[in-house]
>>> print(open('my_file29.txt').read())   # compact mmCIF, C-alpha atoms
# COMPACT_ATOMS: atom_id res chain seq x y z
CA MET N 1 -2.22 39.70 41.90
CA GLY N 2 -4.73 37.52 43.72
CA ARG N 3 -4.21 35.75 47.00
CA LEU N 4 -2.32 32.44 47.05
CA ILE N 5 -3.83 29.11 48.10
CA LYS N 6 -1.85 26.02 49.03
CA MET N 7 -2.64 23.19 46.62
CA GLU N 8 -2.57 19.46 47.42
CA TRP N 9 -1.05 16.37 45.85
CA ASP N 10 -1.26 12.62 46.38
CA CYS N 11 1.79 10.42 46.76
CA PRO N 12 1.78 7.74 44.03
CA PHE N 13 4.19 5.55 45.99
CA CYS N 14 2.55 5.10 49.42
CA GLY N 15 -0.95 6.40 48.63
CA THR N 16 -0.90 9.29 51.10
CA LYS N 17 -3.50 11.84 50.01
CA GLY N 18 -3.95 15.57 50.52
CA ILE N 19 -0.26 16.43 50.97
CA SER N 20 0.29 20.20 51.21
CA GLY N 21 1.40 21.63 47.87
CA PRO N 22 4.56 23.42 49.12
CA LEU N 23 5.97 20.10 50.44
CA ARG N 24 8.25 18.45 47.87
CA GLU N 25 8.61 15.21 49.80
CA CYS N 26 5.92 12.84 51.02
CA PRO N 27 5.68 13.20 54.83
CA ASN N 28 4.81 9.51 55.09
CA CYS N 29 7.35 7.72 52.85
CA GLY N 30 9.82 10.53 52.17
CA HIS N 31 9.71 10.04 48.41
CA PRO N 32 10.29 13.33 46.51
CA ILE N 33 7.53 14.79 44.41
CA GLY N 34 7.82 13.59 40.84
CA THR N 35 6.23 13.94 37.44
CA ASN N 36 3.54 11.38 38.29
CA ILE N 37 1.71 13.88 40.47
CA LYS N 38 -0.79 16.61 39.68
CA TYR N 39 -1.70 19.46 41.96
CA ASN N 40 -5.32 19.68 43.08
CA LEU N 41 -7.31 22.47 44.67
CA PRO N 42 -8.15 21.58 48.31
CA LYS N 43 -11.77 21.15 49.29
CA ASP N 44 -11.28 23.54 52.21
CA VAL N 45 -9.97 26.59 50.34
CA LYS N 46 -10.54 29.05 53.18
CA ASN N 47 -8.09 27.31 55.54
CA ASN N 48 -5.39 27.03 52.89
CA TYR N 49 -4.83 30.70 52.10
CA VAL N 50 -1.23 31.91 52.38
CA LEU N 51 -0.55 34.89 54.64
CA THR N 52 0.11 38.13 52.74
CA GLU N 53 3.69 38.57 53.98
CA GLU N 54 4.55 34.96 53.21
CA ALA N 55 2.99 35.19 49.74
CA LYS N 56 5.31 38.10 48.87
CA ARG N 57 8.34 35.80 49.23
CA ILE N 58 6.93 32.96 47.10
CA ASN N 59 8.17 32.56 43.51
CA ARG N 60 5.04 32.26 41.36
CA ASN N 61 6.76 30.48 38.45
CA PRO N 62 6.12 26.74 37.91
CA HIS N 63 8.46 24.00 39.16
CA TRP N 64 11.00 22.45 36.77
CA ARG N 65 11.76 18.77 36.35
CA CYS N 66 15.18 17.28 36.88
CA ASN N 67 16.26 15.39 33.73
CA PHE N 68 18.15 12.82 35.84
CA CYS N 69 15.84 11.86 38.75
CA ASN N 70 12.52 13.32 37.44
CA SER N 71 11.96 15.26 40.69
CA TYR N 72 10.31 18.67 40.71
CA ASN N 73 12.27 21.67 41.94
CA SER N 74 11.46 25.27 42.71
CA ASP N 75 12.11 27.88 40.05
CA ASN N 76 14.50 29.45 42.57
CA ASP N 77 16.76 26.38 42.46
CA SER N 78 19.48 26.06 39.83
CA VAL N 79 20.33 22.48 40.86
CA CYS N 80 18.07 19.57 41.77
CA THR N 81 17.50 19.39 45.53
CA SER N 82 17.12 15.60 45.27
CA CYS N 83 20.17 14.53 43.22
CA GLY N 84 22.19 17.73 42.71
CA ALA N 85 21.97 17.68 38.89
CA PRO N 86 22.07 21.16 37.33
CA ARG N 87 19.09 22.76 35.62
CA THR N 88 19.55 22.92 31.84
CA ASN N 89 17.72 24.43 28.90
CA GLU N 90 16.19 21.01 28.30
CA SER N 91 14.62 20.97 31.80
CA LYS N 92 10.89 21.24 31.30
CA ASN N 93 8.49 22.89 33.73
CA TYR N 94 5.37 21.49 35.39
CA PHE N 95 2.95 22.58 32.66
CA GLU N 96 5.13 21.25 29.82
CA ILE N 97 5.26 17.87 31.56
CA GLN N 98 1.47 17.87 31.96
CA GLU N 99 1.05 18.68 28.26
CA GLU N 100 3.28 15.74 27.36
CA LYS N 101 1.11 13.47 29.48
CA VAL N 102 -1.97 14.70 27.65
CA LYS N 103 -0.41 13.96 24.27
CA GLU N 104 0.72 10.52 25.42
CA SER N 105 -2.80 9.57 26.51
CA ASN N 106 -4.25 10.88 23.22
CA SER N 107 -6.77 12.88 25.23
CA SER N 108 -8.25 15.88 23.47
CA ILE N 109 -9.56 17.48 26.63
CA TYR N 110 -7.83 17.68 30.00
CA ASN N 111 -8.34 19.62 33.18
CA ASP N 112 -7.92 23.33 32.42
CA SER N 113 -5.97 23.69 35.64
CA LEU N 114 -2.96 21.99 33.98
CA HIS N 115 -2.35 25.04 31.77
CA SER N 116 -0.81 28.19 33.16
CA ASN N 117 -3.45 30.37 31.52
CA SER N 118 -6.41 28.26 32.71
CA SER N 119 -8.26 28.26 35.97
CA TYR N 120 -10.34 26.07 38.18
CA SER N 121 -14.03 26.40 37.66
CA SER N 122 -15.69 28.87 39.94
CA SER N 123 -17.99 26.06 41.03
CA THR N 124 -15.10 24.77 43.19
CA SER N 125 -14.40 28.14 44.70
CA THR N 126 -15.41 29.42 48.08
CA THR N 127 -18.55 31.35 48.84
CA ASP N 128 -16.72 34.46 47.60
CA SER N 129 -17.29 33.23 44.03
CA THR N 130 -21.05 33.37 44.17
CA SER N 131 -22.98 35.59 41.79
CA PRO N 132 -22.75 39.38 42.31
CA LYS N 133 -24.65 40.83 45.20
CA ASN N 134 -26.63 43.23 43.15
CA ASN N 135 -29.81 43.01 45.21
CA THR N 136 -30.36 45.33 48.11
CA LYS N 137 -32.00 44.36 51.35
CA LYS N 138 -35.31 45.76 50.16
CA SER N 139 -35.15 43.74 46.95
CA ALA N 140 -34.30 40.60 48.91
CA ASN N 141 -37.23 41.19 51.25
CA LEU N 142 -39.54 41.72 48.28
CA PHE N 143 -38.28 38.50 46.70
CA SER N 144 -38.81 36.65 49.99
CA ARG N 145 -42.35 38.00 50.35
CA THR N 146 -43.17 36.98 46.79
CA ASN N 147 -41.82 33.50 47.39
CA LEU N 148 -43.80 33.28 50.62
CA GLN N 149 -47.00 34.26 48.85
CA ILE N 150 -46.39 31.67 46.16
CA MET N 151 -45.68 29.04 48.81
CA ILE N 152 -48.91 29.89 50.64
CA VAL N 153 -50.98 29.63 47.43
CA VAL N 154 -49.33 26.32 46.56
CA LEU N 155 -49.86 25.02 50.10
CA LEU N 156 -53.54 25.99 50.10
CA SER N 157 -53.97 24.32 46.71
CA ILE N 158 -52.33 21.17 48.01
CA LEU N 159 -54.52 21.21 51.11
CA GLY N 160 -57.64 21.70 48.97
CA ILE N 161 -56.71 18.86 46.65
CA SER N 162 -55.76 16.68 49.63
CA GLY N 163 -59.13 17.37 51.24
CA LEU N 164 -60.97 16.45 48.04
CA VAL N 165 -58.92 13.29 47.64
CA TYR N 166 -59.55 12.39 51.28
CA ALA N 167 -63.30 12.89 50.80
CA LEU N 168 -63.25 10.56 47.78
CA ILE N 169 -61.39 7.79 49.60
CA PRO N 170 -63.87 5.07 50.69
CA LYS N 171 -64.11 4.80 54.48
CA GLU N 172 -65.10 1.55 56.13
CA LYS N 173 -68.01 1.89 58.55
CA THR N 174 -70.19 -0.30 60.76
CA MET N 175 -73.84 0.63 61.27
CA GLN N 176 -76.82 -0.77 63.20
CA VAL N 177 -79.76 -0.44 60.76
CA THR N 178 -82.85 1.34 62.15
CA ASN N 179 -84.81 2.22 59.01
CA LEU N 180 -85.07 1.43 55.29
CA SER N 181 -86.73 3.67 52.70
CA TRP N 182 -86.94 4.16 48.96
CA GLU N 183 -88.12 6.62 46.32
CA ARG N 184 -88.92 6.16 42.65
CA SER N 185 -89.97 8.71 40.05
CA ILE N 186 -91.08 8.61 36.42
CA ALA N 187 -90.98 11.88 34.48
CA ILE N 188 -93.86 12.50 32.06
CA GLU N 189 -93.19 14.75 29.07
CA GLN N 190 -95.79 16.51 26.92
CA PHE N 191 -95.44 17.56 23.28
CA LYS N 192 -96.70 21.10 23.16
CA THR N 193 -96.20 24.50 21.61
CA VAL N 194 -94.14 26.84 23.75
CA ASP N 195 -93.05 30.43 23.36
CA GLU N 196 -89.31 31.06 23.55
CA SER N 197 -86.72 33.66 22.64
CA GLY N 198 -83.06 33.61 21.75
CA TRP N 199 -80.27 35.18 19.71
CA SER N 200 -80.81 32.74 16.88
CA LEU N 201 -83.87 31.07 15.33
CA PRO N 202 -83.94 27.28 15.83
CA SER N 203 -84.95 24.91 13.07
CA GLY N 204 -88.71 24.34 13.07
CA ALA N 205 -89.45 27.51 14.99
CA ARG N 206 -92.20 29.91 13.89
CA LEU N 207 -91.11 33.52 14.22
CA HIS N 208 -93.38 36.00 15.98
CA TYR N 209 -91.14 39.08 15.77
CA THR N 210 -87.59 40.32 16.32
CA LYS N 211 -86.24 43.08 18.51
CA GLU N 212 -82.89 44.81 19.00
CA GLU N 213 -81.90 44.19 22.61
CA ILE N 214 -78.84 44.33 24.82
CA SER N 215 -76.99 41.04 24.58
CA ARG N 216 -73.94 41.99 26.66
CA TYR N 217 -71.79 44.85 27.89
CA GLU N 218 -68.28 45.74 26.80
CA GLN N 219 -65.72 47.73 28.78
CA VAL N 220 -64.63 50.77 26.76
CA ILE N 221 -62.13 53.49 27.71
CA ASP N 222 -64.04 56.66 28.53
CA HIS N 223 -61.16 58.93 29.59
CA TYR N 224 -57.86 58.96 31.46
CA GLU N 225 -57.10 60.08 34.99
CA THR N 226 -53.76 61.31 36.29
CA LYS N 227 -52.56 59.17 39.18
CA THR N 228 -49.32 58.66 41.10
CA ARG N 229 -47.52 55.45 41.90
CA THR N 230 -44.32 54.36 43.61
CA VAL N 231 -41.78 52.88 41.22
CA SER N 232 -38.25 51.63 41.72
CA LYS N 233 -35.06 51.65 39.72
CA GLU N 234 -31.65 50.05 40.16
CA VAL N 235 -28.84 52.57 40.61
CA LEU N 236 -25.12 51.76 40.40
CA ASP N 237 -23.75 51.95 43.95
CA GLY N 238 -20.16 50.81 43.37
CA TYR N 239 -18.09 47.78 42.52
CA GLU N 240 -17.08 44.66 44.39
CA GLU N 241 -14.21 42.32 43.63
CA VAL N 242 -15.27 38.69 43.72
CA VAL N 243 -13.42 35.42 43.23
CA THR N 244 -14.40 33.70 40.00
CA GLY N 245 -11.86 30.87 39.99
CA TYR N 246 -8.33 29.74 40.76
CA MET N 247 -5.26 29.46 38.52
CA ASP N 248 -2.78 26.63 39.08
CA LEU N 249 0.75 28.09 39.26
CA GLY N 250 2.40 24.69 38.89
CA ASN N 251 4.47 25.15 42.06
CA GLY N 252 2.15 23.83 44.75
CA TYR N 253 0.13 27.02 44.88
CA ALA N 254 -2.89 28.46 43.10
CA GLU N 255 -3.74 32.11 42.60
CA GLU N 256 -7.20 33.62 42.86
CA ILE N 257 -8.83 34.86 39.70
CA THR N 258 -10.95 37.86 40.55
CA SER N 259 -13.18 40.24 38.68
CA LYS N 260 -15.07 43.40 39.52
CA VAL N 261 -18.84 43.26 39.53
CA SER N 262 -21.32 46.09 39.75
CA ILE N 263 -23.26 46.63 42.97
CA TYR N 264 -26.68 48.23 42.68
CA ARG N 265 -29.09 49.75 45.14
CA THR N 266 -32.83 50.19 44.73
CA GLU N 267 -34.22 53.70 44.76
CA TYR N 268 -37.92 54.49 45.01
CA TYR N 269 -39.69 57.55 43.69
CA GLU N 270 -43.18 58.75 42.84
CA GLU N 271 -44.28 59.17 39.25
CA GLU N 272 -47.46 60.33 37.57
CA TYR N 273 -49.19 58.22 34.96
CA LYS N 274 -52.40 58.19 32.98
CA ALA N 275 -54.83 55.52 34.14
CA PRO N 276 -57.69 54.58 31.81
CA VAL N 277 -61.23 54.84 33.15
CA TYR N 278 -63.68 52.37 31.64
CA VAL N 279 -67.42 52.49 31.17
CA SER N 280 -69.80 49.69 30.32
CA VAL N 281 -71.24 50.06 26.84
CA PRO N 282 -74.22 47.91 25.84
CA VAL N 283 -73.94 45.78 22.73
CA TYR N 284 -77.20 45.32 20.86
CA GLU N 285 -78.12 42.26 18.83
CA THR N 286 -81.24 40.91 17.17
CA LYS N 287 -83.32 38.77 19.52
CA TYR N 288 -85.86 36.34 18.09
CA TYR N 289 -89.26 35.70 19.65
CA TYR N 290 -90.88 32.54 18.36
CA GLU N 291 -93.01 29.49 19.08
CA ILE N 292 -91.81 25.92 18.70
CA ASP N 293 -93.23 22.44 19.23
CA LYS N 294 -91.15 20.33 21.63
CA TRP N 295 -91.26 17.78 24.39
CA VAL N 296 -91.28 19.47 27.80
CA TYR N 297 -91.53 18.19 31.34
CA ALA N 298 -95.14 18.04 32.47
CA ARG N 299 -95.36 15.99 35.69
CA SER N 300 -93.90 13.10 37.65
CA ILE N 301 -95.35 9.85 38.90
CA GLU N 302 -93.70 9.27 42.26
CA THR N 303 -93.76 6.35 44.65
CA SER N 304 -92.00 5.83 47.97
CA GLY N 305 -92.02 3.52 50.92
CA THR N 306 -90.10 1.94 53.76
CA THR N 307 -89.62 -1.81 54.08
CA ASP N 308 -92.18 -2.82 51.46
CA VAL N 309 -91.05 -3.99 48.02
CA PRO N 310 -90.30 -0.97 45.80
CA TYR N 311 -92.54 -0.50 42.82
CA TRP N 312 -93.03 1.92 39.94
CA GLY N 313 -96.13 4.05 39.81
CA GLU N 314 -98.87 3.29 37.27
CA VAL N 315 -98.39 5.32 34.10
CA THR N 316 -101.39 6.60 32.19
CA LEU N 317 -100.48 8.74 29.21
CA ALA N 318 -102.52 11.15 27.14
CA ASN N 319 -102.11 11.20 23.36
CA ASP N 320 -99.57 14.01 23.53
CA GLU N 321 -97.51 12.51 26.40
CA ARG N 322 -94.58 10.13 26.77
CA THR N 323 -92.43 8.78 29.61
CA GLY N 324 -89.14 10.50 30.26
CA SER N 325 -86.29 9.73 32.61
CA GLN N 326 -86.70 7.43 35.60
CA THR N 327 -84.89 7.84 38.91
CA GLU N 328 -84.67 5.60 41.96
CA ASP N 329 -82.97 6.03 45.33
CA TYR N 330 -82.61 3.56 48.21
CA TYR N 331 -81.77 4.77 51.71
CA VAL N 332 -80.45 2.98 54.77
CA THR N 333 -80.57 4.77 58.13
CA GLY N 334 -78.79 3.55 61.23
CA LEU N 335 -76.61 4.29 64.20
CA ILE N 336 -72.86 4.86 63.89
CA LYS N 337 -71.26 5.52 67.27
CA GLU N 338 -74.71 6.45 68.65
CA LYS N 339 -75.27 9.01 65.89
CA GLU N 340 -77.99 8.49 63.29
CA LYS N 341 -76.73 8.58 59.70
CA THR N 342 -78.38 7.95 56.32
CA PHE N 343 -76.61 6.55 53.26
CA THR N 344 -77.74 5.79 49.72
CA PHE N 345 -77.20 2.21 48.50
CA SER N 346 -77.70 0.36 45.24
CA PHE N 347 -80.93 -1.63 44.92
CA GLU N 348 -78.96 -4.89 45.10
CA ASP N 349 -77.32 -3.98 48.43
CA TRP N 350 -80.48 -2.36 49.82
CA SER N 351 -82.53 -5.48 49.09
CA SER N 352 -80.22 -7.65 51.19
CA ILE N 353 -80.44 -5.41 54.28
CA SER N 354 -83.04 -5.71 57.06
CA ILE N 355 -83.88 -3.51 60.03
CA GLY N 356 -81.77 -4.59 63.01
CA ASP N 357 -78.85 -5.81 60.85
CA GLU N 358 -75.32 -4.73 61.62
CA ILE N 359 -73.78 -3.93 58.29
CA HIS N 360 -70.20 -3.25 57.22
CA PHE N 361 -69.81 -0.96 54.21
CA ASN N 362 -67.59 1.54 52.48
CA ALA N 363 -68.91 5.11 52.50
CA THR N 364 -67.99 7.76 49.95
CA LEU N 365 -69.76 11.15 49.96
CA GLY N 366 -72.98 9.69 51.39
CA TYR N 367 -73.05 6.63 49.15
CA GLY N 368 -72.61 3.20 50.68
CA THR N 369 -71.35 -0.10 49.26
CA LEU N 370 -71.67 -3.27 51.28
CA ILE N 371 -68.46 -5.12 52.13
CA LYS N 372 -68.98 -8.69 51.07
CA GLU N 373 -68.06 -11.22 53.71
CA ASP N 374 -65.41 -13.77 52.64
CA SER N 375 -67.20 -17.10 52.26
CA ASN N 376 -63.97 -18.93 53.10
>>> encode(input="my_file29.txt", output="structure tokens")
Amino acid sequence: MGRLIKMEWDCPFCGTKGISGPLRECPNCGHPIGTNIKYNLPKDVKNNYVLTEEAKRINRNPHWRCNFCNSYNSDNDSVCTSCGAPRTNESKNYFEIQEEKVKESNSSIYNDSLHSNSSYSSSTSTTDSTSPKNNTKKSANLFSRTNLQIMIVVLLSILGISGLVYALIPKEKTMQVTNLSWERSIAIEQFKTVDESGWSLPSGARLHYTKEEISRYEQVIDHYETKTRTVSKEVLDGYEEVVTGYMDLGNGYAEEITSKVSIYRTEYYEEEYKAPVYVSVPVYETKYYYEIDKWVYARSIETSGTTDVPYWGEVTLANDERTGSQTEDYYVTGLIKEKEKTFTFSFEDWSSISIGDEIHFNATLGYGTLIKEDSN
């Protein structure tokens, strides 16, 4: 038999709550316990255990109801302690009364604790009802180290992402302009015949020759080596009795429901195993050597300056040339807290800035955007 716990009940007459289960009269209003009550498991189970010697003297059968005054009485009593009426065959016990209440309320599901063969969920039990302690100290330490490593990786990832996000957040700055400069470039492309090679022959290409060459390397098992490693296994170390729930006895007490669980320890030993040894094996494929006519970069026409008006360089093309991409960059240099800094601006912003101006702008990764002053 499991240990006994004192249950609790609430007085429906004066509202007093948490009355000790063994008491059959409300300590506040003196009204005897009746069929309107239901025993509940106390929140503080540990401080409501019954001493072993006392538990031996407690009748574990449910209370019975007096048919005349509806008071509950101990199974030890043959007459009602409230009105003196004798116990008869028609006197129902605590669980039978609870079943009647369920039927009357047309409820299909009721608290399992109202049935003598049911128990309180282990979720309401004390810390004794936690899952089996089948991990040894070494296993727990290993688990903790693994968790710590995961936490460190996650933390570093968060810090990296946070740093990137911070770098992308525009930062407001004030700068005294000391220099303005610009650069422009026009790429010139030429249509010409070039020699190339590849693992396939492009459309329009004229093949010179092919050759079997190494395209990549693959890792292939060459042989196996005998090695040793430390492995672990869980070994049964004994059994432990744990509390999995509580059974309402219907007499102001509940009895522990216990079960035996296996306790394991971790043993370590050395074992031999065959480890594969790999070698790099070249993979040969056909490589094509060919000539093809295409537009390729030939030269650039570049211009640059300081405060003068930016301009594009003069383009003179040969018959086999064309203009390619155009790039332009506009730089503003100035003092920020007595340190010289250079930022790239759009042409529109750059054009409105003069040497000696104090400008307010948002800076993101070296690129600046002027903060427009509110005209109002």
>>> closest_residue(input="my_file29.txt", among="N:Val296, N:Tyr239, N:Ile19, N:Thr178", to="Thr342 (chain N)", atoms="all atoms listed in the file")
N:Thr178
>>> closest_residue(input="my_file29.txt", among="N:Ile150, N:Val283, N:Ile353, N:Ile292", to="Tyr217 (chain N)", atoms="all atoms listed in the file")
N:Val283
>>> closest_atom_pairs(input="my_file29.txt", of="region 259-365 of chain N", to="region 191-211 of chain N", cutoff="6 Å", atoms="only C-alpha atoms", output="CSV")
residue,atom,partner,partner_atom,distance
N:Thr286,CA,N:Lys211,CA,5.6
N:Lys287,CA,N:Trp199,CA,4.7
N:Tyr288,CA,N:Thr210,CA,4.7
N:Tyr289,CA,N:Ser197,CA,4.4
N:Tyr290,CA,N:Leu207,CA,4.3
N:Glu291,CA,N:Asp195,CA,4.4
N:Ile292,CA,N:Ala205,CA,4.7
N:Asp293,CA,N:Thr193,CA,4.3
N:Lys294,CA,N:Phe191,CA,5.4
N:Trp295,CA,N:Phe191,CA,4.3
N:Asp320,CA,N:Phe191,CA,5.5
>>> atom_distance(input="my_file29.txt", atom1="CA of Thr323 (chain N)", atom2="CA of Thr307 (chain N)")
26.8 Å
>>> atom_distance(input="my_file29.txt", atom1="CA of Thr303 (chain N)", atom2="CA of Ile188 (chain N)")
14.0 Å
>>> atom_distance(input="my_file29.txt", atom1="CA of Arg299 (chain N)", atom2="CA of Thr327 (chain N)")
13.7 Å
>>> closest_residue(input="my_file29.txt", among="N:Ala85, N:Thr244, N:Arg322, N:Tyr273", to="Lys227 (chain N)", atoms="all atoms listed in the file")
N:Tyr273
>>> closest_residue(input="my_file29.txt", among="N:Thr230, N:Asn319, N:Thr174, N:Ser351", to="Ala363 (chain N)", atoms="only C-alpha atoms")
N:Thr174
>>> residues_around(input="my_file29.txt", residues="region 57-68 of chain N", least_positions_apart="5", cutoff="12 Å", atoms="only C-alpha atoms", output="JSON, numbers by chain")
{"N": [1, 2, 3, 4, 5, 6, 21, 22, 24, 32, 33, 34, 35, 36, 37, 38, 39, 50, 51, 52, 73, 74, 75, 76, 77, 78, 79, 80, 81, 82, 83, 84, 85, 86, 87, 88, 89, 90, 91, 92, 93, 94, 95, 96, 97, 98, 114, 115, 116, 247, 248, 249, 250, 251, 252, 253, 254, 255]}
>>> residues_around(input="my_file29.txt", residues="Ile355 (chain N)", least_positions_apart="6", cutoff="7 Å", atoms="all atoms listed in the file", output="PyMOL selection string")
chain N and resi 177-180
>>> closest_residue(input="my_file29.txt", among="N:Gln219, N:Thr369, N:Ser300, N:Thr228", to="Val277 (chain N)", atoms="only C-alpha atoms")
N:Gln219
>>> residues_near_point(input="my_file29.txt", point="(1.5, 13.9, 49.1)", cutoff="9 Å", atoms="only C-alpha atoms", output="VMD selection string")
chain N and resid 8 to 12 14 to 21 23 to 28 33 37
>>> residues_around(input="my_file29.txt", residues="Ile371 (chain N)", least_positions_apart="3", cutoff="12 Å", atoms="all atoms listed in the file", output="number ranges by chain")
N: 170-174, 345, 349, 358-363, 368, 374
>>> residues_near_point(input="my_file29.txt", point="(-89.9, 0.1, 53.9)", cutoff="9 Å", atoms="only C-alpha atoms", output="ChimeraX atom specification")
/N:179-182,304-310
>>> residues_around(input="my_file29.txt", residues="Arg229 (chain N)", least_positions_apart="6", cutoff="10 Å", atoms="all atoms listed in the file", output="PyMOL selection string")
chain N and resi 269-273
>>> write_last_selection(input="my_file29.txt", atoms="C-alpha atoms", output="mmCIF file, keeping the file's coordinate frame")
data_model
loop_
_atom_site.group_PDB
_atom_site.id
_atom_site.type_symbol
_atom_site.label_atom_id
_atom_site.label_comp_id
_atom_site.auth_asym_id
_atom_site.auth_seq_id
_atom_site.Cartn_x
_atom_site.Cartn_y
_atom_site.Cartn_z
ATOM 1 C CA TYR N 269 -39.690 57.550 43.690
ATOM 2 C CA GLU N 270 -43.180 58.750 42.840
ATOM 3 C CA GLU N 271 -44.280 59.170 39.250
ATOM 4 C CA GLU N 272 -47.460 60.330 37.570
ATOM 5 C CA TYR N 273 -49.190 58.220 34.960
#
